[in-house]
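Read through the structure below, which is laid out as structure tokens, and then see the notes.
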Protein chains: 6
Amino acid sequence: MPVVVTDIERTDEAIVAGFATIAVATVHEAQGRKGLLASHMRPVYRPAHIAGTAVTCSVAPGDNWMIHVAVEQCRSGDILVVAPTSFCEDGYFGDLLATSLRARGVKGLVIDAGVRDAADLTEMQFPVWSRAIFAQGTVKETLGDVNVPIVCAGQLISPGDLVVADDDGVVVVHRDEASDVLKKSRKRMEEEAGKREKLASGVLGLDLYNMRPRLAEKGLKYIKRADQ
Amino acid sequence: MPVVVTDIERTDEAIVAGFATIAVATVHEAQGRKGLLASHMRPVYRPAHIAGTAVTCSVAPGDNWMIHVAVEQCRSGDILVVAPTSFCEDGYFGDLLATSLRARGVKGLVIDAGVRDAADLTEMQFPVWSRAIFAQGTVKETLGDVNVPIVCAGQLISPGDLVVADDDGVVVVHRDEASDVLKKSRKRMEEEAGKREKLASGVLGLDLYNMRPRLAEKGLKYIKRADQ
Amino acid sequence: MPVVVTDIERTDEAIVAGFATIAVATVHEAQGRKGLLASHMRPVYRPAHIAGTAVTCSVAPGDNWMIHVAVEQCRSGDILVVAPTSFCEDGYFGDLLATSLRARGVKGLVIDAGVRDAADLTEMQFPVWSRAIFAQGTVKETLGDVNVPIVCAGQLISPGDLVVADDDGVVVVHRDEASDVLKKSRKRMEEEAGKREKLASGVLGLDLYNMRPRLAEKGLKYIKRADQ
Amino acid sequence: MPVVVTDIERTDEAIVAGFATIAVATVHEAQGRKGLLASHMRPVYRPAHIAGTAVTCSVAPGDNWMIHVAVEQCRSGDILVVAPTSFCEDGYFGDLLATSLRARGVKGLVIDAGVRDAADLTEMQFPVWSRAIFAQGTVKETLGDVNVPIVCAGQLISPGDLVVADDDGVVVVHRDEASDVLKKSRKRMEEEAGKREKLASGVLGLDLYNMRPRLAEKGLKYIKRADQ
Amino acid sequence: MPVVVTDIERTDEAIVAGFATIAVATVHEAQGRKGLLASHMRPVYRPAHIAGTAVTCSVAPGDNWMIHVAVEQCRSGDILVVAPTSFCEDGYFGDLLATSLRARGVKGLVIDAGVRDAADLTEMQFPVWSRAIFAQGTVKETLGDVNVPIVCAGQLISPGDLVVADDDGVVVVHRDEASDVLKKSRKRMEEEAGKREKLASGVLGLDLYNMRPRLAEKGLKYIKRADQ
Amino acid sequence: MPVVVTDIERTDEAIVAGFATIAVATVHEAQGRKGLLASHMRPVYRPAHIAGTAVTCSVAPGDNWMIHVAVEQCRSGDILVVAPTSFCEDGYFGDLLATSLRARGVKGLVIDAGVRDAADLTEMQFPVWSRAIFAQGTVKETLGDVNVPIVCAGQLISPGDLVVADDDGVVVVHRDEASDVLKKSRKRMEEEAGKREKLASGVLGLDLYNMRPRLAEKGLKYIKRADQ
């Protein structure tokens with residue numbers, strides 16, 4: 001029975017705001033190298049970076065009807081996350097739906113299918129991550145679910161989860177882990193800032209991370225060409 | 001026996017001109033969701049939009065000889081459409097051929113294979129849609145046909161057909177349907193303009209398209225989290 | 001036994017400098033249509049063009065430890081070339097490693113795997129060619145080799161070989177052939193410059209390359225539509 | 001924190017037994033066209049058919065350590081379901097692990113990665129569905145989870161869920177829906193048996209399913225060649 | 001407007017019969033290396049070989065309704081050829097439809113999409129070539145055409161054309177060329193029979209085909225290891 | 001300059017004979033998890049197992065001329081290894097070439113491209129590993145090299161190297177390492193035999209390999225469902 005859940009709990013707004021300048025790679029590392037959507041999820045234009053709360057939507061292949069239903073469930077700060085129930089590259093989403101989402105303050109779209117009107121989306125600067133850009137149209141015949149847990153590009157995403165997306169891909173953080181991941185992400189960023197400066201000055205990673213002893217222990221040999 | 005047909009009939013110039021500002025997605029919908037080339041056909045640079053009449057060219061895999069023959073058959077307003085007789089990603093086309101086509105007033109290239117000199121094509125702003133960008137060279141040994149019907153990226157394209165290409169892909173409109181498709185495309189664009197404005201003001205697609213009764217009839221339920 | 005060879009011979013600096021403005025497609029043709037890496041090797045941003053000497057690095061799947069070792073072997077004018085020992089799209093390389101390579105005067109990275117921090121790499125304008133852009137992290141557990149011959153994207157690359165990369169892909173020129181390939185590339189460029197001018201003025205390739213007799217000899221027929 | 005859940009609830013044995021002769025396509029239809037794993041999941045040998053209860057196992061890319069842990073959690077009637085945390089085609093599983101699972105009465109393996117010893121698995125007739133057959137070895141360094149919900153080939157699978165696999169692919173049925181799906185599958189099979197007989201005798205599906213009126217209503221025309 | 005053409009002209013039965021023992025590779029060569037469907041078209045079981053006349057059917061993605069319509073247009077000696085209007089791997093066809101086609105004397109199915117009930121099709125020995133084997137179901141909502149020219153796996157196929165399929169793939173021969181291609185195929189087979197015998201006795205292809213002079217002329221050198 | 005090297009050194013015959021019953025996975029592990037060709041290299045029929053010495057052959061895309069040249073360089077116990085200079089799925093090899101190789105005692109073919117006459121190859125039981133099965137023909141226009149080192153499916157293979165292929169893929173062992181790899185492979189096989197017996201009797205891998213302490217040390221927790 002297809003359902004729309006209307007009163008989802010969202011990741012706390014203040015926590016979400018903290019991710020506004022944190023890279024997907026950092027979030028992914030900070031939460032123990034998990035939560036990344038598959039590598040076929042690519043931004044329609046670059047650069048782009050968003051962090052927001054998931055409104056989830058499952059759709060039939062070639063049928064974008066439920067996206068219209070999902071729009072109504074979105075509010076400011078959300079990211080719409082859409083997954084077809086089987087592989088599909090059709091263009092589910094274009095500039096009209098983007099206009100509608102923007103009117104509601106939605107930050108962007110993550111969809112494991114195709115989108116169209118790529119030129120308009122780029123001009124509007126409405127951020128979208130998708131599997132494909134393709135003009136192929138869809139129909140409006142079949143129901144799906146809104147705001148139930150879905151599998152999108154290989155990851156389980158629940159309504160209200162934190163989603164972060166940038167040029168490197170898309171990562172999901174489960175709602176109850178978001179606060180902890182924010183702390184760890186910030187710590188990681190601070191550490192990296194210091195390292196960047198040292199590396200820029202010519203210090204080697206081998207020394208900065210003290211790798212030499214462990215490399216030697218594992219048996220790495222430095223040799224001259226003549227000794228090969 | 002390889003042939004070059006020299007006196008093809010083209011879609012009427014005034015009709016082609018009408019497509020100058022119409023998106024591929026609109027054309028595709030207006031003609032009943034058909035005519036789209038496969039999703040692997042991507043523009044070399046974005047944004048790009050062209051509409052023109054097809055000069056068709058079939059080539060052997062790894063052999064671009066017939067493209068030189070096809071150039072002579074092109075005139076102002078044409079789009080050169082090339083398909084290899086079996087899968088090939090080689091770079092059939094580069095800046096010299098683009099220079100030659102531009103000198104003849106050709107609007108762009110659609111090729112179900114690879115192209116090279118992507119940086120030059122971008123700098124020249126010569127629009128190209130291809131399966132790949134790849135430096136791999138081709139030879140000049142084998143004949144093919146010019147201006148016979150060909151299959152390109154899954155669609156049958158006849159010489160003189162209308163071709164429209166933009167950031168969402170490539171669509172073909174058969175010559176005798178072009179006038180009708182133009183009317184339908186324009187109607188669609190007008191309708192969308194009105195809708196865009198309403199959606200931007202916050203009206204929901206659910207209401208704009210009067211979807212609620214049919215969703216209810218199909219059995220969609222709105223529930224509270226606690227009732228799941 | 002994993003080794004790092006510390007005193008590799010590099011293609012002569014003056015020869016490398018000669019390739020600074022030569023396209024990959026030209027180099028590939030000039031050396032007899034060989035040396036191209038596979039078509040999945042794409043630049044992180046465009047346009048980009050580099051020519052330099054290879055420092056090679058083989059890595060375990062999902063493990064970027066040896067890249068840190070390889071950095072120390074790089075010097076000004078080098079290009080770091082990395083290949084995993086089996087298929088991997090993980091993000092082996094990001095802005096910290098790019099910072100470190102830039103500090104050493106390295107011209108860019110060629111890697112048959114994934115990279116991350118694509119937005120930073122683009123902003124830094126540090127040129128990278130890779131199989132994928134993906135945030136997925138790597139570990140530091142397994143040794144590999146630095147400066148031994150490796151297979152990268154289907155080509156054998158030895159330390160010190162010349163590597164040229166641009167928007168059309170990546171080509172390797174073996175060290176002892178670089179001087180000869182430079183001469184042939186230059187000759188080719190000069191010839192193309194003259195041709196470009198003629199083609200721009202409307203001369204047909206059919207005439208410029210004197211193709212008509214050979215086309216006729218092979219049996220190409222020009223016909224009217226009515227005669228099909 | 002990696003965990004092994006040791007006391008999972010399994011789909012009722014009698015219900016599982018009922019699926020012993022039901023095809024994946026039938027189960028998929030009976031539960032409303034959902035639950036199918038992606039089409040890249042293929043049997044190592046054909047024909048093969050199994051139905052059993054899932055023991056789930058998440059593994060790091062290139063690391064099969066947790067499969068050894070999962071074996072102990074398997075009992076007679078189970079199917080081991082394994083998913084790597086990112087794309088991997090390595091050969092995680094071979095004849096030794098199959099021997100071990102067989103000793104425990106396990107019905108087969110479903111893994112969204114590679115397996116090896118395909119000849120032995122075929123000779124043993126130990127049923128396996130995988131993404132690839134590949135000799136590439138794995139290591140034993142990284143922990144994962146056993147018997148927590150996982151995403152495998154695009155579907156969420158919880159420990160104890162019913163899994164059915166045959167030459168057409170793999171389908172999951174959630175534990176609390178298995179009884180209902182069994183009833184619907186049986187009904188479907190009975191209906192199909194009657195239809196098969198009629199179709200074999202030459203009755204057309206058009207008539208058997210009474211499709212003609214609806215086809216006419218939608219506007220299908222039957223025409224002579226001459227009238228095209 | 002969707003149509004069913006009811007009185008197609010078929011390739012002459014006697015000619016079709018002549019192809020009963022001719023391989024796809026032979027037919028493809030005999031007609032000048034054209035007509036091959038793309039390499040993703042694979043037989044459900046091997047070995048299999050059929051030759052027959054095409055009944056063509058275009059279907060919407062995920063919708064197999066028109067196959068039921070097409071069945072009625074098939075008669076003894078036909079091959080049903082189905083192409084979706086955009087990429088789809090769903091299981092359009094299974095054992096019930098195969099039963100129906102067999103009852104009408106149809107020789108097999110060629111479909112640029114998925115099929116299911118692979119085990120049944122194999123047991124029935126009903127020959128099928130498809131893009132995928134996948135249990136995913138389809139609906140019956142959208143009309144298409146029967147017996148109009150379609151593009152299937154990259155080739156234009158008209159109703160009544162000759163189709164030959166075996167373990168190497170599928171080839172189409174246009175109706176008016178079938179007689180000529182049969183003659184050329186037979187000639188080729190006879191020549192190959194003589195060659196096979198000579199090659200089996202140890203005669204080299206280099207000598208049998210008199211390749212040595214042309215190889216020498218092109219510059220091939222035979223050298224000793226020491227002379228490299 | 002294309003060359004044929006006529007007096008290659010081969011891996012010692014007695015050593016090669018030792019690999020007659022050793023699996024590819026075992027060889028791969030025994031030599032430190034290296035040498036595997038890419039996972040797209042699949043046997044034309046299964047089961048199949050060969051071990052022999054490489055005669056290498058590089059070919060132009062779509063051109064099988066050099067295979068005829070390479071046949072003459074093959075002798076009893078060899079495996080012909082063929083790589084195109086760029087991606088190609090054409091059918092380079094069929095039953096006539098197989099007949100010729102068999103007449104010379106060649107054990108099989110490894111080719112990073114397509115083959116045809118799959119039914120004949122299966123009936124002859126001539127073992128072939130390839131990237132594709134495809135009827136598409138090739139020409140005989142372009143020279144390549146025989147018995148120089150080539151890159152095949154991602155691995156460098158030198159003439160005379162040991163090649164082992166079975167249902168799990170293809171592995172290369174460099175000539176001077178073959179003796180050592182044989183010893184290590186045998187040792188591995190003996191160890192596995194003992195393990196297989198124990199695992200079949202119900203001993204767990206966890207105990208057989210003494211994994212429990214290290215798992216505990218890494219932090220693996222066993223928990224009850226209720227404690228999640």
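Ligands are numbered from 1 in the order shown, residues from 1 within each chain, and chains are lettered A, B, ... in the order they appear in the structure tokens.
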
### Counting only C-alpha atoms, chain A residues within 9 Å of chain E, as a PyMOL selection string
chain A and resi 61-62+86-90+136

### Task
Between B:Val27, B:Ala54, B:Ala165, B:Leu208, single out the one closest to Val82 of chain B, counting only C-alpha atoms.
B:Ala54

#### Entry: Residue with smallest distance to Gly160 of chain E - pool E:Met41, E:Val148, E:Ala103, E:Val115, counting only C-alpha atoms
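Of E:Met41, E:Val148, E:Ala103, E:Val115, the one nearest Gly160 of chain E is E:Val148, counting only C-alpha atoms.
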
### Message
Can you pull out the residues contacting Leu206 of chain A? Cut-off 9 Å, using only C-alpha atoms, and skip same-chain residues under 3 positions away; I want them as a ChimeraX atom specification.
### Response
/A:203,209-212 /C:68-69,71-72

I need the residues from that last selection saved to file as a short mmCIF file (atom, residue, chain, number, x, y, z; two decimals), in the first residue's frame (with N, CA, C and O atoms), if you can.
```cif
data_model
loop_
_atom_site.label_atom_id
_atom_site.label_comp_id
_atom_site.auth_asym_id
_atom_site.auth_seq_id
_atom_site.Cartn_x
_atom_site.Cartn_y
_atom_site.Cartn_z
N VAL A 203 57.26 20.13 3.35
CA VAL A 203 57.39 18.97 4.24
C VAL A 203 56.74 17.77 3.54
O VAL A 203 55.67 17.89 2.94
N TYR A 209 53.47 12.40 8.52
CA TYR A 209 52.69 11.30 9.10
C TYR A 209 53.60 10.23 9.72
O TYR A 209 53.14 9.16 10.07
N ASN A 210 54.88 10.49 9.77
CA ASN A 210 55.84 9.55 10.34
C ASN A 210 55.71 8.15 9.76
O ASN A 210 55.61 7.15 10.48
N MET A 211 55.72 8.06 8.46
CA MET A 211 55.49 6.78 7.81
C MET A 211 56.76 5.95 7.64
O MET A 211 56.68 4.75 7.38
N ARG A 212 57.90 6.55 7.72
CA ARG A 212 59.12 5.83 7.34
C ARG A 212 59.38 4.54 8.15
O ARG A 212 59.70 3.51 7.57
N HIS C 68 52.27 8.37 -1.13
CA HIS C 68 53.08 9.18 -0.24
C HIS C 68 54.57 8.89 -0.45
O HIS C 68 55.40 9.80 -0.39
N VAL C 69 54.88 7.65 -0.67
CA VAL C 69 56.28 7.29 -0.93
C VAL C 69 56.74 7.87 -2.27
O VAL C 69 57.86 8.38 -2.40
N VAL C 71 55.71 10.52 -3.82
CA VAL C 71 55.87 11.99 -3.82
C VAL C 71 57.34 12.38 -3.64
O VAL C 71 57.85 13.26 -4.35
N GLU C 72 58.00 11.70 -2.73
CA GLU C 72 59.40 12.04 -2.44
C GLU C 72 60.32 11.83 -3.65
O GLU C 72 61.37 12.46 -3.76
#
```

### Query
Skipping near chain neighbours, those fewer than 2 positions away, what residues fall within 9 Å of Ala70 of chain C using only C-alpha atoms, listed as a PyMOL selection string?
chain C and resi 4+55-57+66-68+72-74+80+145-147

Next, dump the selected residues to file, keeping only N, CA, C and O atoms, as a PDB file, in the first residue's frame.
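Everything below was put into out.pdb:
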```pdb
ATOM      1  N   VAL C   4      61.603   0.884  -4.266  1.00  0.00           N
ATOM      2  CA  VAL C   4      61.562   2.254  -4.770  1.00  0.00           C
ATOM      3  C   VAL C   4      62.891   2.494  -5.487  1.00  0.00           C
ATOM      4  O   VAL C   4      63.947   2.401  -4.852  1.00  0.00           O
ATOM      5  N   VAL C  55      56.982   9.580 -13.091  1.00  0.00           N
ATOM      6  CA  VAL C  55      57.357   8.822 -11.897  1.00  0.00           C
ATOM      7  C   VAL C  55      56.238   7.821 -11.705  1.00  0.00           C
ATOM      8  O   VAL C  55      55.074   8.216 -11.606  1.00  0.00           O
ATOM      9  N   THR C  56      56.548   6.539 -11.718  1.00  0.00           N
ATOM     10  CA  THR C  56      55.495   5.512 -11.710  1.00  0.00           C
ATOM     11  C   THR C  56      55.284   4.957 -10.308  1.00  0.00           C
ATOM     12  O   THR C  56      56.209   4.889  -9.505  1.00  0.00           O
ATOM     13  N   CYS C  57      54.070   4.520 -10.066  1.00  0.00           N
ATOM     14  CA  CYS C  57      53.709   4.065  -8.722  1.00  0.00           C
ATOM     15  C   CYS C  57      52.610   3.017  -8.829  1.00  0.00           C
ATOM     16  O   CYS C  57      51.544   3.292  -9.383  1.00  0.00           O
ATOM     17  N   MET C  66      51.421   4.057  -1.028  1.00  0.00           N
ATOM     18  CA  MET C  66      52.621   4.220  -1.865  1.00  0.00           C
ATOM     19  C   MET C  66      52.651   5.576  -2.577  1.00  0.00           C
ATOM     20  O   MET C  66      53.716   6.003  -3.021  1.00  0.00           O
ATOM     21  N   ILE C  67      51.499   6.239  -2.700  1.00  0.00           N
ATOM     22  CA  ILE C  67      51.545   7.565  -3.323  1.00  0.00           C
ATOM     23  C   ILE C  67      52.385   8.502  -2.461  1.00  0.00           C
ATOM     24  O   ILE C  67      53.175   9.305  -2.963  1.00  0.00           O
ATOM     25  N   HIS C  68      52.268   8.366  -1.134  1.00  0.00           N
ATOM     26  CA  HIS C  68      53.083   9.184  -0.241  1.00  0.00           C
ATOM     27  C   HIS C  68      54.568   8.891  -0.446  1.00  0.00           C
ATOM     28  O   HIS C  68      55.401   9.799  -0.390  1.00  0.00           O
ATOM     29  N   GLU C  72      57.999  11.698  -2.729  1.00  0.00           N
ATOM     30  CA  GLU C  72      59.403  12.043  -2.442  1.00  0.00           C
ATOM     31  C   GLU C  72      60.316  11.825  -3.651  1.00  0.00           C
ATOM     32  O   GLU C  72      61.366  12.462  -3.764  1.00  0.00           O
ATOM     33  N   GLN C  73      59.917  10.904  -4.533  1.00  0.00           N
ATOM     34  CA  GLN C  73      60.740  10.625  -5.717  1.00  0.00           C
ATOM     35  C   GLN C  73      60.464  11.608  -6.858  1.00  0.00           C
ATOM     36  O   GLN C  73      61.142  11.569  -7.878  1.00  0.00           O
ATOM     37  N   CYS C  74      59.447  12.435  -6.684  1.00  0.00           N
ATOM     38  CA  CYS C  74      59.091  13.380  -7.755  1.00  0.00           C
ATOM     39  C   CYS C  74      59.924  14.646  -7.655  1.00  0.00           C
ATOM     40  O   CYS C  74      60.222  15.125  -6.565  1.00  0.00           O
ATOM     41  N   LEU C  80      53.184  12.376 -11.943  1.00  0.00           N
ATOM     42  CA  LEU C  80      53.033  11.147 -11.174  1.00  0.00           C
ATOM     43  C   LEU C  80      52.009  10.259 -11.870  1.00  0.00           C
ATOM     44  O   LEU C  80      50.898  10.701 -12.194  1.00  0.00           O
ATOM     45  N   ASP C 145      55.220  -0.649  -5.583  1.00  0.00           N
ATOM     46  CA  ASP C 145      56.519  -0.256  -6.122  1.00  0.00           C
ATOM     47  C   ASP C 145      56.480   1.176  -6.636  1.00  0.00           C
ATOM     48  O   ASP C 145      55.449   1.641  -7.119  1.00  0.00           O
ATOM     49  N   VAL C 146      57.633   1.830  -6.556  1.00  0.00           N
ATOM     50  CA  VAL C 146      57.778   3.148  -7.156  1.00  0.00           C
ATOM     51  C   VAL C 146      58.924   3.104  -8.163  1.00  0.00           C
ATOM     52  O   VAL C 146      59.990   2.552  -7.869  1.00  0.00           O
ATOM     53  N   ASN C 147      58.661   3.657  -9.322  1.00  0.00           N
ATOM     54  CA  ASN C 147      59.673   3.737 -10.381  1.00  0.00           C
ATOM     55  C   ASN C 147      60.115   2.384 -10.925  1.00  0.00           C
ATOM     56  O   ASN C 147      61.286   2.176 -11.232  1.00  0.00           O
TER      57      ASN C 147
END
```

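By only C-alpha atoms, and with residues fewer than 3 positions from Gly137 of chain F along its chain excluded, the set lying at most 7 Å from it is Glu29 and Arg33 of chain E; Asp90, Gly91 and Tyr92 of chain F.
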
Write a file of the just-selected residues containing all heavy atoms, as a compact mmCIF listing (two decimals), in the first residue's frame.
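New file again_30.txt:
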```
# COMPACT_ATOMS: atom_id res chain seq x y z
N GLU E 29 29.55 -12.03 -43.28
CA GLU E 29 30.62 -11.82 -44.27
C GLU E 29 30.06 -11.82 -45.68
O GLU E 29 30.43 -10.99 -46.51
CB GLU E 29 31.68 -12.94 -44.16
CG GLU E 29 32.45 -12.98 -42.86
CD GLU E 29 33.52 -11.90 -42.76
OE1 GLU E 29 33.76 -11.20 -43.75
OE2 GLU E 29 34.08 -11.74 -41.67
N ARG E 33 29.84 -7.75 -44.56
CA ARG E 33 30.07 -7.30 -43.18
C ARG E 33 29.08 -6.26 -42.71
O ARG E 33 29.47 -5.21 -42.19
CB ARG E 33 31.50 -6.74 -43.04
CG ARG E 33 32.49 -7.82 -43.12
CD ARG E 33 33.90 -7.41 -42.94
NE ARG E 33 34.70 -8.61 -43.25
CZ ARG E 33 35.99 -8.63 -43.31
NH1 ARG E 33 36.68 -7.55 -43.09
NH2 ARG E 33 36.61 -9.75 -43.59
N ASP F 90 35.50 -7.09 -31.96
CA ASP F 90 35.27 -7.85 -33.18
C ASP F 90 35.71 -9.31 -33.02
O ASP F 90 36.54 -9.64 -32.18
CB ASP F 90 36.05 -7.23 -34.34
CG ASP F 90 35.48 -5.88 -34.75
OD1 ASP F 90 34.43 -5.49 -34.22
OD2 ASP F 90 36.10 -5.23 -35.60
N GLY F 91 35.16 -10.14 -33.88
CA GLY F 91 35.46 -11.57 -33.84
C GLY F 91 36.73 -11.90 -34.63
O GLY F 91 36.67 -12.31 -35.78
N TYR F 92 37.87 -11.76 -33.97
CA TYR F 92 39.18 -11.95 -34.61
C TYR F 92 39.49 -13.41 -34.96
O TYR F 92 40.42 -13.67 -35.74
CB TYR F 92 40.30 -11.51 -33.66
CG TYR F 92 40.59 -10.05 -33.60
CD1 TYR F 92 39.79 -9.19 -32.86
CD2 TYR F 92 41.68 -9.50 -34.26
CE1 TYR F 92 40.08 -7.83 -32.78
CE2 TYR F 92 41.97 -8.15 -34.19
CZ TYR F 92 41.17 -7.32 -33.45
OH TYR F 92 41.45 -5.98 -33.37
```

### Message
Would you pick out the contacts of Met124 of chain A at 10 Å or less, using only C-alpha atoms, so that residues sharing its chain but fewer than 2 positions from it are not included, and give the list as an NGL selection string?
### Response
:A and (95 or 98-99 or 102 or 118-122 or 126-127)

Go ahead and write the residues just picked, N, CA and C atoms, as a PDB file, in the first residue's frame.
```pdb
ATOM      1  N   ASP A  95      13.157  21.600 -15.249  1.00  0.00           N
ATOM      2  CA  ASP A  95      13.161  22.947 -14.678  1.00  0.00           C
ATOM      3  C   ASP A  95      11.861  23.303 -13.968  1.00  0.00           C
ATOM      4  N   ALA A  98      12.112  21.859 -10.561  1.00  0.00           N
ATOM      5  CA  ALA A  98      13.141  22.617  -9.840  1.00  0.00           C
ATOM      6  C   ALA A  98      12.587  23.964  -9.361  1.00  0.00           C
ATOM      7  N   THR A  99      11.797  24.581 -10.221  1.00  0.00           N
ATOM      8  CA  THR A  99      11.166  25.860  -9.847  1.00  0.00           C
ATOM      9  C   THR A  99      10.284  25.664  -8.614  1.00  0.00           C
ATOM     10  N   ARG A 102      12.468  25.021  -5.525  1.00  0.00           N
ATOM     11  CA  ARG A 102      13.125  26.269  -5.100  1.00  0.00           C
ATOM     12  C   ARG A 102      12.142  27.181  -4.365  1.00  0.00           C
ATOM     13  N   ALA A 118      18.983  20.215 -18.303  1.00  0.00           N
ATOM     14  CA  ALA A 118      20.266  20.430 -17.618  1.00  0.00           C
ATOM     15  C   ALA A 118      20.739  21.867 -17.782  1.00  0.00           C
ATOM     16  N   ALA A 119      20.500  22.469 -18.938  1.00  0.00           N
ATOM     17  CA  ALA A 119      20.939  23.849 -19.149  1.00  0.00           C
ATOM     18  C   ALA A 119      20.183  24.795 -18.210  1.00  0.00           C
ATOM     19  N   ASP A 120      18.887  24.565 -18.058  1.00  0.00           N
ATOM     20  CA  ASP A 120      18.096  25.410 -17.155  1.00  0.00           C
ATOM     21  C   ASP A 120      18.526  25.219 -15.697  1.00  0.00           C
ATOM     22  N   LEU A 121      18.721  23.971 -15.311  1.00  0.00           N
ATOM     23  CA  LEU A 121      19.132  23.706 -13.927  1.00  0.00           C
ATOM     24  C   LEU A 121      20.448  24.420 -13.628  1.00  0.00           C
ATOM     25  N   THR A 122      21.336  24.417 -14.616  1.00  0.00           N
ATOM     26  CA  THR A 122      22.627  25.078 -14.439  1.00  0.00           C
ATOM     27  C   THR A 122      22.441  26.590 -14.349  1.00  0.00           C
ATOM     28  N   PHE A 126      20.312  25.376  -9.589  1.00  0.00           N
ATOM     29  CA  PHE A 126      19.611  24.455  -8.695  1.00  0.00           C
ATOM     30  C   PHE A 126      20.410  23.150  -8.695  1.00  0.00           C
ATOM     31  N   PRO A 127      20.994  22.773  -7.550  1.00  0.00           N
ATOM     32  CA  PRO A 127      21.941  21.663  -7.521  1.00  0.00           C
ATOM     33  C   PRO A 127      21.250  20.299  -7.625  1.00  0.00           C
TER      34      PRO A 127
END
```

### Task
Please provide the set of residues having any atom within 12 Å of segment 9-19 of chain E, restricted to only C-alpha atoms, with same-chain residues fewer than 4 positions apart removed, written as a PyMOL selection string.
(chain D and resi 224-226) or (chain E and resi 5+23-24+26-27+49-56+74-79+107+147-148+158-166+171-186+189)
